[in-house]
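See below for the structure under consideration.
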Amino acid sequence: MLSSAMGKSFLLSRLVLVIFAAHFAASKVVATRPGFLYTRTRGRCTPQFWSSRREAWPRMVPQRSTVSKVFGSGVFERYRSDVTLLESTGRNDDEIAFAGLLKQASAALLNTYARKGFPYSAWEVKTLFIQALVSKEAAATQAKQFSIANEACN
């Protein structure tokens, strides 16, 4: 009788272990799938991260800085004069080439000041941003390059 009780106890503990392992594995799979309607990238260098205000912004570029003051007066042709960096990182209109460029360039600029080893310097981000304003194709291409750097950064 003692051995059958130990056998049942052993089987029960194995069963609990298997159920726990299966639940843990399933929760890992569910956590990595995209959401039903919308998911946001959670990296520490993305525009979404900077717009969430989870970390203090670099002092060189306060949240309320306008895009025209940071990138220069050449941006007046494409953007409102009162658009702030915080607004630009929170945009949801990435399909528009110039909007996507502004969003990714703003995050890249913040990363140059806040993340060691970011592949661009501040002046490079500003220069590449201004150069990309010449056409939709140039803007889309440069936005993609900034996006790749922002996604790869930690």
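Labels for the structure tokens follow display order: chains A, B, ..., residues from 1 in each chain, ligands from 1.
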For A:Thr46: contacts at 6 Å, only C-alpha atoms, fewer than 3 positions along chain excluded, given as an mmCIF file with N, CA, C and O atoms, in the first residue's frame:
data_model
loop_
_atom_site.group_PDB
_atom_site.id
_atom_site.type_symbol
_atom_site.label_atom_id
_atom_site.label_comp_id
_atom_site.auth_asym_id
_atom_site.auth_seq_id
_atom_site.Cartn_x
_atom_site.Cartn_y
_atom_site.Cartn_z
ATOM 1 N N GLY A 43 11.531 48.087 -28.536
ATOM 2 C CA GLY A 43 12.943 48.369 -28.381
ATOM 3 C C GLY A 43 13.199 49.691 -27.676
ATOM 4 O O GLY A 43 12.351 50.576 -27.657
ATOM 5 N N PHE A 49 9.270 53.965 -28.373
ATOM 6 C CA PHE A 49 9.862 54.021 -27.037
ATOM 7 C C PHE A 49 10.018 55.471 -26.598
ATOM 8 O O PHE A 49 9.651 55.841 -25.485
ATOM 9 N N ASN A 150 17.586 52.219 -35.720
ATOM 10 C CA ASN A 150 16.815 52.349 -34.471
ATOM 11 C C ASN A 150 16.399 50.990 -33.924
ATOM 12 O O ASN A 150 16.441 50.757 -32.711
#
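Residues lying within 8 Å of stretch 113-129 of chain A, counting only C-alpha atoms and ignoring same-chain neighbours fewer than 3 positions away, are Trp57, Pro58, Met60, Phe71, Leu101, Leu102, Ala105, Ala108, Leu109, Leu110, Ala132, Leu133, Ala139, Gln142, Ala149, Cys153 and Asn154 of chain A.
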Query raised in the report: Could you name the residues that touch A:Arg80 at 12 Å or less, counting only C-alpha atoms, but leaving out those on the same chain fewer than 5 positions away, as a list in words?
Result: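 Returned residues: Thr66, Val67, Ser68, Lys69, Ser73, Gly74, Val75, Leu85, Glu87, Ser88, Ala99 and Leu102 of chain A.
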Mind writing the picked residues with all heavy atoms as an mmCIF file, in the first residue's frame?
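Result went into out_11.cif, see below:
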data_model
loop_
_atom_site.group_PDB
_atom_site.id
_atom_site.type_symbol
_atom_site.label_atom_id
_atom_site.label_comp_id
_atom_site.auth_asym_id
_atom_site.auth_seq_id
_atom_site.Cartn_x
_atom_site.Cartn_y
_atom_site.Cartn_z
ATOM 1 N N THR A 66 11.179 72.174 -31.132
ATOM 2 C CA THR A 66 10.496 72.062 -32.416
ATOM 3 C C THR A 66 11.437 71.462 -33.445
ATOM 4 O O THR A 66 12.663 71.588 -33.357
ATOM 5 C CB THR A 66 9.996 73.429 -32.913
ATOM 6 O OG1 THR A 66 11.114 74.297 -33.098
ATOM 7 C CG2 THR A 66 8.993 74.037 -31.949
ATOM 8 N N VAL A 67 10.849 70.818 -34.409
ATOM 9 C CA VAL A 67 11.619 70.179 -35.477
ATOM 10 C C VAL A 67 12.431 71.224 -36.235
ATOM 11 O O VAL A 67 13.582 70.986 -36.601
ATOM 12 C CB VAL A 67 10.664 69.407 -36.416
ATOM 13 C CG1 VAL A 67 11.378 68.907 -37.648
ATOM 14 C CG2 VAL A 67 10.014 68.255 -35.672
ATOM 15 N N SER A 68 11.865 72.397 -36.431
ATOM 16 C CA SER A 68 12.582 73.442 -37.173
ATOM 17 C C SER A 68 13.813 73.930 -36.411
ATOM 18 O O SER A 68 14.828 74.251 -37.010
ATOM 19 C CB SER A 68 11.649 74.609 -37.492
ATOM 20 O OG SER A 68 11.151 75.188 -36.308
ATOM 21 N N LYS A 69 13.747 73.969 -35.084
ATOM 22 C CA LYS A 69 14.916 74.395 -34.310
ATOM 23 C C LYS A 69 15.990 73.317 -34.278
ATOM 24 O O LYS A 69 17.174 73.619 -34.245
ATOM 25 C CB LYS A 69 14.512 74.756 -32.879
ATOM 26 C CG LYS A 69 13.801 76.074 -32.798
ATOM 27 C CD LYS A 69 13.583 76.503 -31.379
ATOM 28 C CE LYS A 69 12.897 77.865 -31.368
ATOM 29 N NZ LYS A 69 12.668 78.348 -30.028
ATOM 30 N N SER A 73 15.817 75.456 -40.584
ATOM 31 C CA SER A 73 14.666 76.104 -41.216
ATOM 32 C C SER A 73 14.252 75.448 -42.526
ATOM 33 O O SER A 73 13.165 75.714 -43.037
ATOM 34 C CB SER A 73 14.964 77.585 -41.450
ATOM 35 O OG SER A 73 16.087 77.720 -42.290
ATOM 36 N N GLY A 74 15.077 74.586 -43.084
ATOM 37 C CA GLY A 74 14.739 73.907 -44.333
ATOM 38 C C GLY A 74 13.537 72.980 -44.218
ATOM 39 O O GLY A 74 12.975 72.563 -45.227
ATOM 40 N N VAL A 75 13.120 72.667 -43.024
ATOM 41 C CA VAL A 75 11.993 71.755 -42.844
ATOM 42 C C VAL A 75 10.643 72.442 -42.989
ATOM 43 O O VAL A 75 9.615 71.777 -43.037
ATOM 44 C CB VAL A 75 12.064 71.025 -41.473
ATOM 45 C CG1 VAL A 75 13.346 70.248 -41.343
ATOM 46 C CG2 VAL A 75 11.894 71.985 -40.330
ATOM 47 N N LEU A 85 9.541 67.459 -31.303
ATOM 48 C CA LEU A 85 10.153 66.135 -31.432
ATOM 49 C C LEU A 85 9.275 65.064 -30.795
ATOM 50 O O LEU A 85 9.168 63.956 -31.329
ATOM 51 C CB LEU A 85 11.537 66.110 -30.785
ATOM 52 C CG LEU A 85 12.654 66.785 -31.555
ATOM 53 C CD1 LEU A 85 13.975 66.638 -30.822
ATOM 54 C CD2 LEU A 85 12.788 66.228 -32.951
ATOM 55 N N GLU A 87 6.019 65.040 -30.591
ATOM 56 C CA GLU A 87 4.937 64.751 -31.543
ATOM 57 C C GLU A 87 5.435 63.916 -32.710
ATOM 58 O O GLU A 87 4.741 63.012 -33.159
ATOM 59 C CB GLU A 87 4.350 66.054 -32.096
ATOM 60 C CG GLU A 87 3.519 66.844 -31.122
ATOM 61 C CD GLU A 87 3.096 68.178 -31.711
ATOM 62 O OE1 GLU A 87 3.963 68.946 -32.152
ATOM 63 O OE2 GLU A 87 1.878 68.423 -31.712
ATOM 64 N N SER A 88 6.626 64.211 -33.187
ATOM 65 C CA SER A 88 7.138 63.484 -34.352
ATOM 66 C C SER A 88 7.429 62.018 -34.043
ATOM 67 O O SER A 88 7.277 61.169 -34.906
ATOM 68 C CB SER A 88 8.382 64.176 -34.917
ATOM 69 O OG SER A 88 9.450 64.083 -34.019
ATOM 70 N N ALA A 99 6.515 61.886 -43.414
ATOM 71 C CA ALA A 99 6.143 61.670 -42.010
ATOM 72 C C ALA A 99 6.992 60.565 -41.395
ATOM 73 O O ALA A 99 7.467 60.677 -40.263
ATOM 74 C CB ALA A 99 4.665 61.329 -41.904
ATOM 75 N N LEU A 102 10.510 61.879 -40.733
ATOM 76 C CA LEU A 102 10.572 62.710 -39.530
ATOM 77 C C LEU A 102 10.553 61.858 -38.264
ATOM 78 O O LEU A 102 11.329 62.076 -37.336
ATOM 79 C CB LEU A 102 9.411 63.705 -39.512
ATOM 80 C CG LEU A 102 9.323 64.609 -38.285
ATOM 81 C CD1 LEU A 102 10.583 65.457 -38.138
ATOM 82 C CD2 LEU A 102 8.079 65.477 -38.355
#
